[in-house]
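Asker: Handing over work.cif, mmCIF, C-alpha atoms.
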```cif
data_entry
loop_
_atom_site.label_atom_id
_atom_site.label_comp_id
_atom_site.auth_asym_id
_atom_site.auth_seq_id
_atom_site.Cartn_x
_atom_site.Cartn_y
_atom_site.Cartn_z
CA MET T 1 24.78 26.97 -15.31
CA LYS T 2 22.53 28.23 -12.51
CA LYS T 3 19.53 27.80 -14.80
CA ILE T 4 20.46 24.17 -15.49
CA LEU T 5 20.92 23.42 -11.80
CA LEU T 6 17.57 25.03 -11.02
CA GLN T 7 15.84 23.09 -13.79
CA GLY T 8 17.49 19.84 -12.68
CA THR T 9 16.45 20.45 -9.06
CA LEU T 10 12.88 21.27 -10.13
CA LEU T 11 12.72 18.08 -12.21
CA THR T 12 13.92 16.03 -9.22
CA VAL T 13 11.46 17.78 -6.90
CA LEU T 14 8.68 17.18 -9.43
CA PHE T 15 9.35 13.43 -9.42
CA PHE T 16 9.71 13.06 -5.66
CA GLY T 17 6.72 15.38 -5.12
CA THR T 18 4.58 13.21 -7.40
CA TRP T 19 5.74 10.12 -5.52
CA PHE T 20 5.03 11.73 -2.16
CA LEU T 21 1.54 12.83 -3.20
CA PHE T 22 0.67 9.42 -4.63
CA ALA T 23 1.97 7.76 -1.45
CA GLN T 24 -0.76 9.58 0.51
CA ILE T 25 -3.40 7.48 -1.27
CA ASN T 26 -4.17 4.10 0.26
CA TRP T 27 -3.39 1.96 -2.80
CA MET T 28 -3.29 -1.20 -0.69
CA THR T 29 -7.03 -0.87 -0.06
CA ILE T 30 -7.84 0.30 -3.59
CA PHE T 31 -6.05 -2.64 -5.19
CA LYS T 32 -7.19 -5.02 -2.39
CA VAL T 33 -3.56 -6.12 -1.89
CA GLN T 34 -4.10 -6.97 1.78
CA LYS T 35 -7.16 -9.09 1.05
CA ALA T 36 -5.41 -10.93 -1.78
CA THR T 37 -2.43 -11.62 0.51
CA GLU T 38 -4.72 -12.92 3.25
CA ASN T 39 -6.52 -15.21 0.80
CA THR T 40 -3.20 -16.61 -0.43
CA GLU T 41 -2.04 -17.17 3.14
CA GLN T 42 -5.28 -18.91 4.07
CA LYS T 43 -5.01 -21.29 1.12
CA LEU T 44 -1.33 -21.97 1.80
CA GLY T 45 -1.92 -22.62 5.50
CA LYS T 46 -4.60 -25.19 4.79
CA LEU T 47 -2.52 -26.76 2.01
CA PHE T 48 0.56 -27.16 4.22
CA TRP T 49 -1.36 -28.45 7.23
CA ASP T 50 -3.23 -31.00 5.09
CA VAL T 51 0.07 -32.31 3.73
CA PHE T 52 1.66 -32.31 7.17
CA LYS T 53 -1.30 -34.14 8.74
CA LYS T 54 -0.90 -36.99 6.27
CA THR T 55 2.72 -37.66 7.21
CA GLU T 56 2.63 -36.93 10.95
CA LYS T 57 0.45 -38.12 13.82
CA GLU T 58 -1.67 -35.48 15.49
CA ASN T 59 -1.94 -35.69 19.30
CA THR T 60 -5.59 -35.80 20.27
CA ASN T 61 -5.18 -35.82 24.05
CA LYS T 62 -7.90 -33.34 25.13
CA HIS T 63 -6.29 -32.47 28.44
CA LEU T 64 -2.96 -31.67 26.79
CA LYS T 65 -4.58 -29.68 23.99
CA CYS T 66 -6.71 -27.76 26.48
CA ASN T 67 -3.69 -26.76 28.60
CA ILE T 68 -1.52 -25.74 25.65
CA ASP T 69 -4.48 -23.78 24.24
CA SER T 70 -4.83 -22.02 27.61
CA MET T 71 -1.17 -21.05 27.56
CA VAL T 72 -1.38 -19.70 24.00
CA SER T 73 -4.64 -17.84 24.77
CA TYR T 74 -3.10 -16.31 27.88
CA ILE T 75 -0.07 -14.97 25.95
CA CYS T 76 -2.27 -13.76 23.10
CA GLU T 77 -4.73 -11.95 25.35
CA ALA T 78 -1.97 -10.22 27.30
CA ASN T 79 -0.45 -8.95 24.05
CA GLY T 80 -3.54 -8.07 22.06
CA ILE T 81 -2.95 -10.86 19.52
CA ASN T 82 -6.07 -12.08 17.73
CA ARG T 83 -6.34 -15.57 19.24
CA THR T 84 -8.81 -16.79 16.62
CA LYS T 85 -6.08 -16.42 14.01
CA VAL T 86 -3.71 -18.78 15.86
CA LYS T 87 -4.41 -22.44 15.19
CA VAL T 88 -2.52 -24.64 17.66
CA GLN T 89 -1.76 -28.18 16.51
CA ILE T 90 0.09 -30.70 18.67
CA VAL T 91 2.03 -33.38 16.81
CA GLU T 92 3.16 -36.69 18.29
CA LYS T 93 6.91 -36.64 17.71
CA ASP T 94 10.07 -36.99 19.82
CA GLU T 95 11.84 -34.09 18.11
CA ILE T 96 12.27 -30.91 20.15
CA ASN T 97 10.56 -28.64 17.69
CA ALA T 98 7.87 -26.04 17.17
CA PHE T 99 7.23 -23.94 14.09
CA ALA T 100 4.73 -21.71 12.36
CA LEU T 101 2.96 -22.33 9.06
CA PRO T 102 1.10 -19.70 7.00
CA ASN T 103 -2.30 -18.47 8.20
CA GLY T 104 -1.40 -18.70 11.89
CA TYR T 105 -0.80 -22.44 12.22
CA LEU T 106 1.37 -23.09 15.27
CA ILE T 107 2.74 -26.64 15.29
CA ILE T 108 4.14 -27.95 18.57
CA TYR T 109 5.85 -31.34 18.86
CA THR T 110 5.26 -33.39 22.00
CA GLY T 111 9.07 -33.77 22.19
CA LEU T 112 9.35 -30.07 22.94
CA ILE T 113 6.76 -30.22 25.72
CA SER T 114 8.33 -33.27 27.39
CA ASN T 115 11.84 -31.79 27.16
CA SER T 116 10.90 -28.40 28.60
CA ALA T 117 12.06 -28.27 32.21
CA SER T 118 9.40 -25.72 33.08
CA GLN T 119 6.27 -24.29 31.55
CA GLU T 120 8.09 -20.93 31.19
CA GLU T 121 10.57 -22.56 28.80
CA LEU T 122 7.72 -23.84 26.67
CA ALA T 123 5.96 -20.45 26.88
CA GLY T 124 9.20 -18.86 25.61
CA VAL T 125 9.35 -21.08 22.52
CA ILE T 126 5.61 -20.56 21.90
CA SER T 127 6.06 -16.79 22.19
CA HIS T 128 8.97 -16.94 19.73
CA GLU T 129 6.79 -18.75 17.18
CA LEU T 130 3.87 -16.37 17.86
CA ALA T 131 6.26 -13.51 17.09
CA HIS T 132 7.13 -15.11 13.73
CA ILE T 133 3.39 -15.29 12.99
CA GLU T 134 2.67 -11.72 14.11
CA LEU T 135 5.67 -10.24 12.29
CA ASN T 136 4.65 -12.02 9.07
CA HIS T 137 7.99 -13.86 8.91
CA VAL T 138 6.42 -17.07 7.59
CA MET T 139 5.25 -15.59 4.29
CA LYS T 140 8.43 -13.54 3.98
CA LYS T 141 10.53 -16.68 4.33
CA LEU T 142 8.41 -18.61 1.85
CA ILE T 143 8.66 -15.86 -0.77
CA GLN T 144 12.38 -15.55 -0.17
CA GLU T 145 13.08 -19.28 -0.37
CA ILE T 146 10.71 -20.58 -3.00
CA GLY T 147 9.62 -17.44 -4.84
CA PHE T 148 6.39 -15.64 -5.48
CA SER T 149 5.58 -17.50 -8.71
CA VAL T 150 5.81 -20.95 -7.06
CA ILE T 151 3.54 -19.76 -4.22
CA SER T 152 1.01 -18.48 -6.76
CA SER T 153 1.06 -21.82 -8.59
CA MET T 154 0.51 -23.64 -5.27
CA THR T 155 -2.57 -21.59 -4.38
CA SER T 156 -4.01 -21.90 -7.88
CA GLY T 157 -3.81 -25.68 -7.57
CA SER T 158 -1.12 -26.22 -10.19
CA GLY T 159 1.70 -26.67 -7.67
CA GLY T 160 2.99 -30.22 -7.47
CA ALA T 161 2.69 -32.29 -4.29
CA THR T 162 6.49 -32.59 -4.13
CA ILE T 163 6.90 -28.81 -4.04
CA ILE T 164 4.32 -28.49 -1.27
CA LYS T 165 6.07 -31.24 0.73
CA GLU T 166 9.43 -29.58 0.25
CA ALA T 167 8.04 -26.19 1.29
CA THR T 168 6.49 -27.74 4.43
CA LYS T 169 9.86 -29.32 5.22
CA LEU T 170 11.51 -25.95 4.71
CA LEU T 171 9.21 -24.27 7.23
CA SER T 172 9.46 -27.04 9.80
CA SER T 173 13.20 -27.67 9.71
CA SER T 174 15.12 -24.59 8.65
CA ALA T 175 15.86 -21.29 10.30
CA TYR T 176 14.72 -17.81 9.38
CA GLU T 177 17.42 -15.32 8.51
CA ARG T 178 19.44 -14.04 11.47
CA LYS T 179 17.70 -10.65 11.74
CA LEU T 180 14.22 -12.21 11.69
CA GLU T 181 15.25 -14.69 14.42
CA LYS T 182 16.53 -11.87 16.61
CA ASP T 183 13.38 -9.81 16.01
CA ALA T 184 11.27 -12.83 17.00
CA ASP T 185 13.37 -13.43 20.15
CA ILE T 186 13.05 -9.82 21.31
CA LYS T 187 9.33 -9.78 20.52
CA ALA T 188 8.97 -13.09 22.41
CA VAL T 189 10.53 -11.52 25.52
CA ASP T 190 8.08 -8.61 25.24
CA TYR T 191 5.18 -11.05 24.96
CA LEU T 192 6.38 -13.02 27.99
CA VAL T 193 6.90 -9.92 30.13
CA LYS T 194 3.48 -8.51 29.22
CA ALA T 195 1.95 -11.87 30.14
CA ASN T 196 3.84 -11.85 33.48
CA ILE T 197 5.84 -14.91 32.45
CA ASN T 198 9.50 -14.95 33.43
CA PRO T 199 11.63 -14.74 30.23
CA HIS T 200 14.82 -16.07 31.86
CA PRO T 201 13.82 -19.76 31.59
CA PHE T 202 13.55 -19.16 27.82
CA ALA T 203 17.19 -18.03 27.78
CA ASN T 204 18.10 -21.00 30.01
CA PHE T 205 16.38 -23.30 27.56
CA LEU T 206 18.63 -21.99 24.78
CA PHE T 207 21.75 -22.34 26.96
CA LYS T 208 20.76 -25.86 27.89
CA MET T 209 20.03 -26.85 24.31
CA SER T 210 23.29 -25.41 23.01
CA GLU T 211 25.06 -27.71 25.46
CA LYS T 212 22.95 -30.68 24.41
CA GLU T 213 23.72 -30.00 20.76
CA LYS T 214 26.89 -32.04 21.16
CA ASP T 215 24.73 -35.03 22.03
CA LYS T 216 23.85 -36.42 18.61
CA THR T 217 21.33 -38.90 20.02
CA LYS T 218 18.91 -36.05 20.84
CA GLN T 219 16.64 -34.77 18.12
CA LEU T 220 17.06 -31.07 18.71
CA THR T 221 15.46 -29.75 15.55
CA TRP T 222 14.34 -26.42 17.00
CA ILE T 223 17.85 -25.65 18.24
CA SER T 224 19.78 -26.96 15.24
CA THR T 225 17.58 -24.86 12.96
CA HIS T 226 18.09 -21.79 15.13
CA PRO T 227 21.86 -21.20 15.08
CA ASP T 228 23.95 -19.45 17.73
CA SER T 229 21.74 -20.53 20.64
CA ARG T 230 24.28 -19.26 23.17
CA GLU T 231 24.45 -15.83 21.55
CA ARG T 232 20.65 -15.69 21.46
CA ALA T 233 20.43 -16.63 25.12
CA ASP T 234 22.90 -13.81 25.88
CA TYR T 235 20.94 -11.10 24.18
CA ILE T 236 17.66 -12.38 25.67
CA VAL T 237 19.19 -12.12 29.15
CA ALA T 238 20.67 -8.69 28.36
CA TYR T 239 17.36 -7.42 26.99
CA SER T 240 15.26 -8.67 29.89
CA LYS T 241 17.61 -8.17 32.85
CA ASN T 242 16.33 -4.73 33.84
CA ILE T 243 12.69 -5.63 33.50
CA ILE T 244 11.12 -6.12 36.90
CA ASN T 245 7.81 -7.84 36.97
CA ASN T 246 5.57 -9.92 39.15
CA TYR T 247 6.06 -13.18 37.27
CA ARG T 248 3.67 -16.07 37.78
CA PRO T 249 3.03 -19.41 36.04
CA VAL T 250 0.21 -19.76 33.52
CA LEU T 251 -0.72 -23.34 34.36
CA SER T 252 -0.93 -24.83 37.81
CA THR T 253 2.02 -27.04 38.81
CA GLU T 254 -0.30 -30.06 38.83
CA SER T 255 -1.53 -29.40 35.30
CA TRP T 256 2.02 -28.93 33.99
CA LYS T 257 3.22 -32.15 35.65
CA LYS T 258 0.18 -34.00 34.40
CA ILE T 259 0.61 -33.04 30.75
CA GLN T 260 4.28 -33.98 30.86
CA SER T 261 3.56 -37.36 32.41
CA GLU T 262 0.78 -37.97 29.88
CA ILE T 263 3.17 -37.34 27.00
CA LYS T 264 5.81 -39.62 28.52
CA LYS T 265 3.16 -42.31 29.00
CA ASP T 266 2.10 -42.02 25.35
CA GLN T 267 5.71 -42.33 24.22
CA MET N 268 8.84 20.95 -21.18
CA ILE N 269 9.88 21.20 -24.82
CA GLN N 270 10.15 24.24 -27.05
CA PRO N 271 11.07 24.90 -30.71
CA LYS N 272 14.18 27.06 -31.10
CA LYS N 273 16.16 28.44 -33.99
CA PHE N 274 19.24 26.39 -34.79
CA MET N 275 22.46 28.06 -36.02
CA TYR N 276 21.91 26.67 -39.55
CA SER N 277 19.18 24.90 -41.50
CA PRO N 278 19.82 21.14 -41.46
CA GLY N 279 19.60 19.14 -44.66
CA GLU N 280 17.17 16.30 -45.33
CA HIS N 281 19.69 13.59 -44.47
CA GLU N 282 20.68 15.35 -41.19
CA ALA N 283 17.03 15.69 -40.14
CA GLU N 284 16.46 12.00 -40.81
CA THR N 285 19.51 10.87 -38.83
CA ALA N 286 18.75 13.27 -35.92
CA SER N 287 15.15 12.07 -35.71
CA SER N 288 16.43 8.48 -35.76
CA SER N 289 18.13 9.10 -32.40
CA TYR N 290 14.69 9.72 -30.88
CA LEU N 291 13.25 6.77 -32.77
CA MET N 292 15.98 4.66 -31.20
CA SER N 293 14.90 5.94 -27.77
CA LEU N 294 11.26 5.11 -28.46
CA ILE N 295 12.00 1.58 -29.62
CA ALA N 296 14.34 1.10 -26.67
CA ILE N 297 11.65 2.32 -24.24
CA ILE N 298 9.18 -0.24 -25.62
CA VAL N 299 11.65 -3.12 -25.87
CA GLY N 300 13.65 -2.29 -22.78
CA ALA N 301 10.81 -1.39 -20.40
CA PRO N 302 11.47 -4.41 -18.14
CA LEU N 303 15.23 -3.93 -18.34
CA PRO N 304 15.94 -0.19 -18.08
CA ILE N 305 19.62 -0.49 -19.00
CA LEU N 306 18.63 -1.45 -22.59
CA ASN N 307 17.23 2.06 -23.23
CA LEU N 308 20.52 3.63 -22.33
CA LEU N 309 22.62 1.08 -24.23
CA ALA N 310 20.63 1.63 -27.43
CA THR N 311 21.02 5.40 -27.30
CA ILE N 312 24.71 5.16 -26.33
CA ILE N 313 25.41 2.93 -29.35
CA PHE N 314 23.51 5.34 -31.61
CA TYR N 315 25.32 8.33 -30.08
CA LEU N 316 28.75 6.74 -30.54
CA SER N 317 28.07 5.84 -34.15
CA ASN N 318 27.08 9.45 -34.88
CA ARG N 319 29.57 11.36 -32.75
CA LYS N 320 31.51 12.44 -35.84
CA SER N 321 28.39 13.49 -37.71
CA THR N 322 27.17 17.06 -38.31
CA TYR N 323 26.42 19.41 -35.43
CA PHE N 324 22.62 19.09 -35.77
CA VAL N 325 22.83 15.27 -35.63
CA ARG N 326 25.31 15.26 -32.73
CA TRP N 327 23.23 17.77 -30.81
CA HIS N 328 20.04 15.70 -31.01
CA CYS N 329 21.86 12.42 -30.34
CA THR N 330 23.26 14.00 -27.17
CA GLN N 331 19.85 15.31 -26.08
CA ALA N 332 18.30 11.86 -26.72
CA LEU N 333 21.06 10.22 -24.68
CA LEU N 334 20.84 12.65 -21.76
CA SER N 335 17.07 12.36 -21.58
CA GLN N 336 17.52 8.62 -20.98
CA LEU N 337 19.65 9.13 -17.88
CA SER N 338 16.87 10.25 -15.52
CA MET N 339 14.60 7.50 -16.80
CA LEU N 340 17.40 4.98 -16.32
CA PHE N 341 17.67 6.09 -12.70
CA ILE N 342 13.88 6.02 -12.05
CA ASN N 343 13.33 2.72 -13.91
CA SER N 344 16.32 0.99 -12.32
CA ILE N 345 14.98 1.71 -8.82
CA GLY N 346 11.54 0.45 -9.88
CA PHE N 347 13.07 -2.65 -11.46
CA TRP N 348 15.21 -3.66 -8.48
CA TRP N 349 12.43 -2.82 -6.02
CA THR N 350 10.11 -5.19 -7.93
CA ILE N 351 12.79 -7.89 -8.04
CA SER N 352 13.28 -7.57 -4.27
CA ILE N 353 9.53 -8.05 -3.74
CA PHE N 354 9.61 -11.25 -5.76
CA PHE N 355 12.77 -12.74 -4.33
CA THR N 356 13.39 -11.25 -0.88
CA SER N 357 11.39 -10.53 2.27
CA GLU N 358 10.35 -7.12 0.87
CA THR N 359 6.57 -6.73 0.57
CA ILE N 360 4.22 -4.60 -1.54
CA THR N 361 3.57 -1.31 0.23
CA ASN N 362 1.76 1.96 -0.49
CA LYS N 363 5.13 3.60 -1.16
CA TYR N 364 6.01 0.95 -3.76
CA ILE N 365 2.70 1.31 -5.62
CA ALA N 366 2.98 5.14 -5.50
CA TYR N 367 6.55 4.91 -6.86
CA MET N 368 5.55 2.64 -9.73
CA ILE N 369 2.61 4.91 -10.68
CA SER N 370 4.92 7.97 -10.63
CA ALA N 371 7.49 6.08 -12.71
CA ILE N 372 4.83 5.05 -15.26
CA ILE N 373 3.57 8.66 -15.54
CA PHE N 374 7.14 9.94 -16.12
CA ASN N 375 7.78 7.19 -18.67
CA ILE N 376 4.60 8.08 -20.57
CA ALA N 377 5.53 11.79 -20.47
CA GLU N 378 9.02 10.92 -21.73
CA PHE N 379 7.50 8.79 -24.48
CA PHE N 380 5.29 11.58 -25.83
CA VAL N 381 8.00 14.23 -25.55
CA THR N 382 10.37 11.92 -27.45
CA LEU N 383 7.69 11.29 -30.07
CA TYR N 384 7.17 15.06 -30.49
CA ALA N 385 10.94 15.63 -30.78
CA LEU N 386 11.15 12.85 -33.38
CA ILE N 387 8.42 14.43 -35.55
CA GLN N 388 9.86 17.94 -35.29
CA THR N 389 13.47 16.97 -36.03
CA ARG N 390 12.32 14.89 -39.00
CA LYS N 391 10.84 18.13 -40.36
CA GLY N 392 14.25 19.72 -39.84
CA LEU N 393 13.02 21.80 -36.88
CA HIS N 394 15.15 22.22 -33.79
CA VAL N 395 13.50 21.47 -30.42
CA GLU N 396 15.09 21.81 -27.00
CA TRP N 397 13.85 19.90 -23.95
CA TRP N 398 13.52 21.56 -20.63
CA PHE N 399 16.76 20.93 -18.63
CA TYR N 400 18.20 18.40 -21.12
CA GLY N 401 18.28 21.04 -23.89
CA SER N 402 20.30 23.45 -21.74
CA LEU N 403 22.59 20.61 -20.64
CA THR N 404 23.13 19.56 -24.27
CA ASN N 405 24.05 23.15 -25.18
CA ILE N 406 26.90 22.97 -22.67
CA LEU N 407 28.12 19.51 -23.64
CA CYS N 408 27.74 19.65 -27.41
CA LYS N 409 29.86 22.28 -29.17
CA SER N 410 29.62 23.24 -32.83
CA VAL N 411 33.34 22.71 -33.53
#
```
Mind converting the file's structure to C-alpha cells?

Answerer:
Amino acid sequence: MKKILLQGTLLTVLFFGTWFLFAQINWMTIFKVQKATENTEQKLGKLFWDVFKKTEKENTNKHLKCNIDSMVSYICEANGINRTKVKVQIVEKDEINAFALPNGYLIIYTGLISNSASQEELAGVISHELAHIELNHVMKKLIQEIGFSVISSMTSGSGGATIIKEATKLLSSSAYERKLEKDADIKAVDYLVKANINPHPFANFLFKMSEKEKDKTKQLTWISTHPDSRERADYIVAYSKNIINNYRPVLSTESWKKIQSEIKKDQ
Amino acid sequence: MIQPKKFMYSPGEHEAETASSSYLMSLIAIIVGAPLPILNLLATIIFYLSNRKSTYFVRWHCTQALLSQLSMLFINSIGFWWTISIFFTSETITNKYIAYMISAIIFNIAEFFVTLYALIQTRKGLHVEWWFYGSLTNILCKSV
C-alpha cells in the first residue's frame, strides 16, 4: 500500500513539477499573446469609435476639450498612467454618462460635465473610467458578454454592423460585474488621492445621483448602469476617510465655471 | 513507467484480443474525446462493465485501462474548463495557463504511447503492468 501511495504522490509531483517548470518560461512573449491582444484591442477601439461617431455628435469646443484633457493628463501623470494611450472624446449629449471603449477610448458626455456640481465630482467619474481602462475591464467585459469568437470575427472584418452597434451599446449603457465596479471605485479613489484631488465629492456625486434616480425625467445613464450607488458611496467614504492629503483643484474656478456655462449655452 | 511481468496463467488468444481491446478503446476515446475529457472515461467504463464477468486476464487489463484514465480525466477536465472560462468569462490567457496546457499535452502524449505499448503487448498475450496503476489494479482486481 505504501508503495502505491508513494508512486501516486510521485506521479502527482511529476505533473505539478512539470507545470511549475514550464510556468517559469515566458510563453506570453514567445507566442506574442500580448501583442496579438493589443492589436485586437486597437482594431476594436477604432471600430467602436467609428460606429459611435456616426450616431452621436462630437463636441468640438476647443476650450472644453483642452480643460478636460488637462484634467485627464493631471490624473494620469500623478498615477503613472501612459497618457498617450488614453483618447478622450467629448460627446454632445444630455445624458449623465461616461464610459470606456477598447484601446483606451474615454467617452465623456456633456451631460455629465454640466451636471457635476464640482470639478472633483467629474474627476471622480473620470478616474473610475480610467481604472476600468487600466484594469483591462473593457476587454474582459466584451469577452464575457459577446464571446471571443464574435470579437475575432469583428476584428477580421466579418462581423456585422449590427453586432458592432450592439456591442457599442453594451459598453456605453450597461454595468460591469459588481466586483469589477468595486475594483474600479477603489482604484479611482487611489488615483484621486495620488493626484491630490478630494475623493469625497465623488462619493457625494453617487449619493446625489441615487436620490435623483427617482426622478425619471433625468437621463442618469451612468448611475442607472452602475447599481447600488448608495452602497458604493459608502465604501468610497469608508475607504478614503483616513486618508489625509493636501487636496487642491485641478482647474481654476474660472475655467471650471466657463466650461460649464459653455456647455449650457450649447444646449 | 511500464514493465512486462509474469501473469499467473497464460491467456488464450481470445482473452489477449479482448484485453488489448480495452486499451484500443482508450486510444480511440483519447482521439475522439480529446476536447471532452469525460468521453475517455465513459468509453472505458462501458468496456469495463461489459467485461467485468470475463476471465481474470481480461478483467485485470480492463481495470488497468480504466484506472489509467482517471488521472487524465482530472488533468484534461481542468484544462477544458480553464479554456472554456477564457472564452466565456473575464479569465485571460496567462503564462500559467499555457504552461498547464503544455504539461497536459505532454502527459496525454505519454499516456497515448504507453497505452499503445500495452495494447501491442497484451495482444501478444503478454502481461504488462503500468507504474502506479498496475499496483493499484493488483489490489482492486482479484483472481476469484

Asker: Expressed in Å to a single decimal, how great is the separation between atom CA of Trp27 of chain T and atom CA of Thr359 of chain N?

Answerer: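 Between atom CA of Trp27 of chain T and atom CA of Thr359 of chain N the gap works out to 13.6 Å.
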
Asker: Measuring between all atoms listed in the file, which one of T:Ala203, T:Leu6, T:Ala123, T:Ala23 shows the shortest distance to chain N?

Answerer: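 Once distances to chain N are computed over all atoms listed in the file, the minimum belongs to T:Ala23.
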
Asker: Do you know which residues the PyMOL selection byres ((chain T) within 9 of (chain N)) returns on this file, as a PyMOL selection string?

Answerer: chain T and resi 1+3-8+11+15-16+18-28+33+137+139-149

Asker: I need the chosen residues saved as an mmCIF file, in the frame of the given file, with C-alpha atoms.

Answerer:
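As a result, again21.cif now contains:
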```cif
data_model
loop_
_atom_site.group_PDB
_atom_site.id
_atom_site.type_symbol
_atom_site.label_atom_id
_atom_site.label_comp_id
_atom_site.auth_asym_id
_atom_site.auth_seq_id
_atom_site.Cartn_x
_atom_site.Cartn_y
_atom_site.Cartn_z
ATOM 1 C CA MET T 1 24.780 26.970 -15.310
ATOM 2 C CA LYS T 3 19.530 27.800 -14.800
ATOM 3 C CA ILE T 4 20.460 24.170 -15.490
ATOM 4 C CA LEU T 5 20.920 23.420 -11.800
ATOM 5 C CA LEU T 6 17.570 25.030 -11.020
ATOM 6 C CA GLN T 7 15.840 23.090 -13.790
ATOM 7 C CA GLY T 8 17.490 19.840 -12.680
ATOM 8 C CA LEU T 11 12.720 18.080 -12.210
ATOM 9 C CA PHE T 15 9.350 13.430 -9.420
ATOM 10 C CA PHE T 16 9.710 13.060 -5.660
ATOM 11 C CA THR T 18 4.580 13.210 -7.400
ATOM 12 C CA TRP T 19 5.740 10.120 -5.520
ATOM 13 C CA PHE T 20 5.030 11.730 -2.160
ATOM 14 C CA LEU T 21 1.540 12.830 -3.200
ATOM 15 C CA PHE T 22 0.670 9.420 -4.630
ATOM 16 C CA ALA T 23 1.970 7.760 -1.450
ATOM 17 C CA GLN T 24 -0.760 9.580 0.510
ATOM 18 C CA ILE T 25 -3.400 7.480 -1.270
ATOM 19 C CA ASN T 26 -4.170 4.100 0.260
ATOM 20 C CA TRP T 27 -3.390 1.960 -2.800
ATOM 21 C CA MET T 28 -3.290 -1.200 -0.690
ATOM 22 C CA VAL T 33 -3.560 -6.120 -1.890
ATOM 23 C CA HIS T 137 7.990 -13.860 8.910
ATOM 24 C CA MET T 139 5.250 -15.590 4.290
ATOM 25 C CA LYS T 140 8.430 -13.540 3.980
ATOM 26 C CA LYS T 141 10.530 -16.680 4.330
ATOM 27 C CA LEU T 142 8.410 -18.610 1.850
ATOM 28 C CA ILE T 143 8.660 -15.860 -0.770
ATOM 29 C CA GLN T 144 12.380 -15.550 -0.170
ATOM 30 C CA GLU T 145 13.080 -19.280 -0.370
ATOM 31 C CA ILE T 146 10.710 -20.580 -3.000
ATOM 32 C CA GLY T 147 9.620 -17.440 -4.840
ATOM 33 C CA PHE T 148 6.390 -15.640 -5.480
ATOM 34 C CA SER T 149 5.580 -17.500 -8.710
#
```

Asker: With distances taken over all atoms listed in the file, which of N:Gln331, N:Thr382, N:Thr350, N:Asn318 is nearest to Ala296 of chain N?

Answerer: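 Closest to Ala296 of chain N of all the choices is N:Thr382.
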
Asker: With all atoms listed in the file as the basis for distance, which of T:Thr55, T:Ala98, T:Asn103, T:Ala188 is at the shortest distance from Lys43 of chain T?

Answerer: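 Going through T:Thr55, T:Ala98, T:Asn103, T:Ala188 one by one, the smallest distance to Lys43 of chain T is for T:Asn103.
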
Asker: Which polymer residues have any atom within 12 Å of an atom of Thr60 of chain T, counting all atoms listed in the file, with same-chain residues fewer than 5 positions away left out, as a ChimeraX atom specification?

Answerer: /T:65-66,88-92,110,262-263,266

Asker: Under the PyMOL selection byres ((chain T and resi 199) around 12), which residues of this model are included? Write them out as a PDB file with C-alpha atoms, in the frame of the given file.

Answerer:
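Result file follows (result22.pdb):
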```pdb
ATOM      1  CA  SER T 118       9.400 -25.720  33.080  1.00  0.00           C
ATOM      2  CA  GLN T 119       6.270 -24.290  31.550  1.00  0.00           C
ATOM      3  CA  GLU T 120       8.090 -20.930  31.190  1.00  0.00           C
ATOM      4  CA  GLU T 121      10.570 -22.560  28.800  1.00  0.00           C
ATOM      5  CA  LEU T 122       7.720 -23.840  26.670  1.00  0.00           C
ATOM      6  CA  ALA T 123       5.960 -20.450  26.880  1.00  0.00           C
ATOM      7  CA  GLY T 124       9.200 -18.860  25.610  1.00  0.00           C
ATOM      8  CA  VAL T 125       9.350 -21.080  22.520  1.00  0.00           C
ATOM      9  CA  ILE T 126       5.610 -20.560  21.900  1.00  0.00           C
ATOM     10  CA  SER T 127       6.060 -16.790  22.190  1.00  0.00           C
ATOM     11  CA  HIS T 128       8.970 -16.940  19.730  1.00  0.00           C
ATOM     12  CA  ASP T 185      13.370 -13.430  20.150  1.00  0.00           C
ATOM     13  CA  ILE T 186      13.050  -9.820  21.310  1.00  0.00           C
ATOM     14  CA  LYS T 187       9.330  -9.780  20.520  1.00  0.00           C
ATOM     15  CA  ALA T 188       8.970 -13.090  22.410  1.00  0.00           C
ATOM     16  CA  VAL T 189      10.530 -11.520  25.520  1.00  0.00           C
ATOM     17  CA  ASP T 190       8.080  -8.610  25.240  1.00  0.00           C
ATOM     18  CA  TYR T 191       5.180 -11.050  24.960  1.00  0.00           C
ATOM     19  CA  LEU T 192       6.380 -13.020  27.990  1.00  0.00           C
ATOM     20  CA  VAL T 193       6.900  -9.920  30.130  1.00  0.00           C
ATOM     21  CA  LYS T 194       3.480  -8.510  29.220  1.00  0.00           C
ATOM     22  CA  ALA T 195       1.950 -11.870  30.140  1.00  0.00           C
ATOM     23  CA  ASN T 196       3.840 -11.850  33.480  1.00  0.00           C
ATOM     24  CA  ILE T 197       5.840 -14.910  32.450  1.00  0.00           C
ATOM     25  CA  ASN T 198       9.500 -14.950  33.430  1.00  0.00           C
ATOM     26  CA  HIS T 200      14.820 -16.070  31.860  1.00  0.00           C
ATOM     27  CA  PRO T 201      13.820 -19.760  31.590  1.00  0.00           C
ATOM     28  CA  PHE T 202      13.550 -19.160  27.820  1.00  0.00           C
ATOM     29  CA  ALA T 203      17.190 -18.030  27.780  1.00  0.00           C
ATOM     30  CA  ASN T 204      18.100 -21.000  30.010  1.00  0.00           C
ATOM     31  CA  PHE T 205      16.380 -23.300  27.560  1.00  0.00           C
ATOM     32  CA  LEU T 206      18.630 -21.990  24.780  1.00  0.00           C
ATOM     33  CA  ALA T 233      20.430 -16.630  25.120  1.00  0.00           C
ATOM     34  CA  TYR T 235      20.940 -11.100  24.180  1.00  0.00           C
ATOM     35  CA  ILE T 236      17.660 -12.380  25.670  1.00  0.00           C
ATOM     36  CA  VAL T 237      19.190 -12.120  29.150  1.00  0.00           C
ATOM     37  CA  ALA T 238      20.670  -8.690  28.360  1.00  0.00           C
ATOM     38  CA  TYR T 239      17.360  -7.420  26.990  1.00  0.00           C
ATOM     39  CA  SER T 240      15.260  -8.670  29.890  1.00  0.00           C
ATOM     40  CA  LYS T 241      17.610  -8.170  32.850  1.00  0.00           C
ATOM     41  CA  ASN T 242      16.330  -4.730  33.840  1.00  0.00           C
ATOM     42  CA  ILE T 243      12.690  -5.630  33.500  1.00  0.00           C
ATOM     43  CA  ILE T 244      11.120  -6.120  36.900  1.00  0.00           C
ATOM     44  CA  ASN T 245       7.810  -7.840  36.970  1.00  0.00           C
ATOM     45  CA  ASN T 246       5.570  -9.920  39.150  1.00  0.00           C
ATOM     46  CA  TYR T 247       6.060 -13.180  37.270  1.00  0.00           C
ATOM     47  CA  ARG T 248       3.670 -16.070  37.780  1.00  0.00           C
ATOM     48  CA  PRO T 249       3.030 -19.410  36.040  1.00  0.00           C
TER      49      PRO T 249
END
```
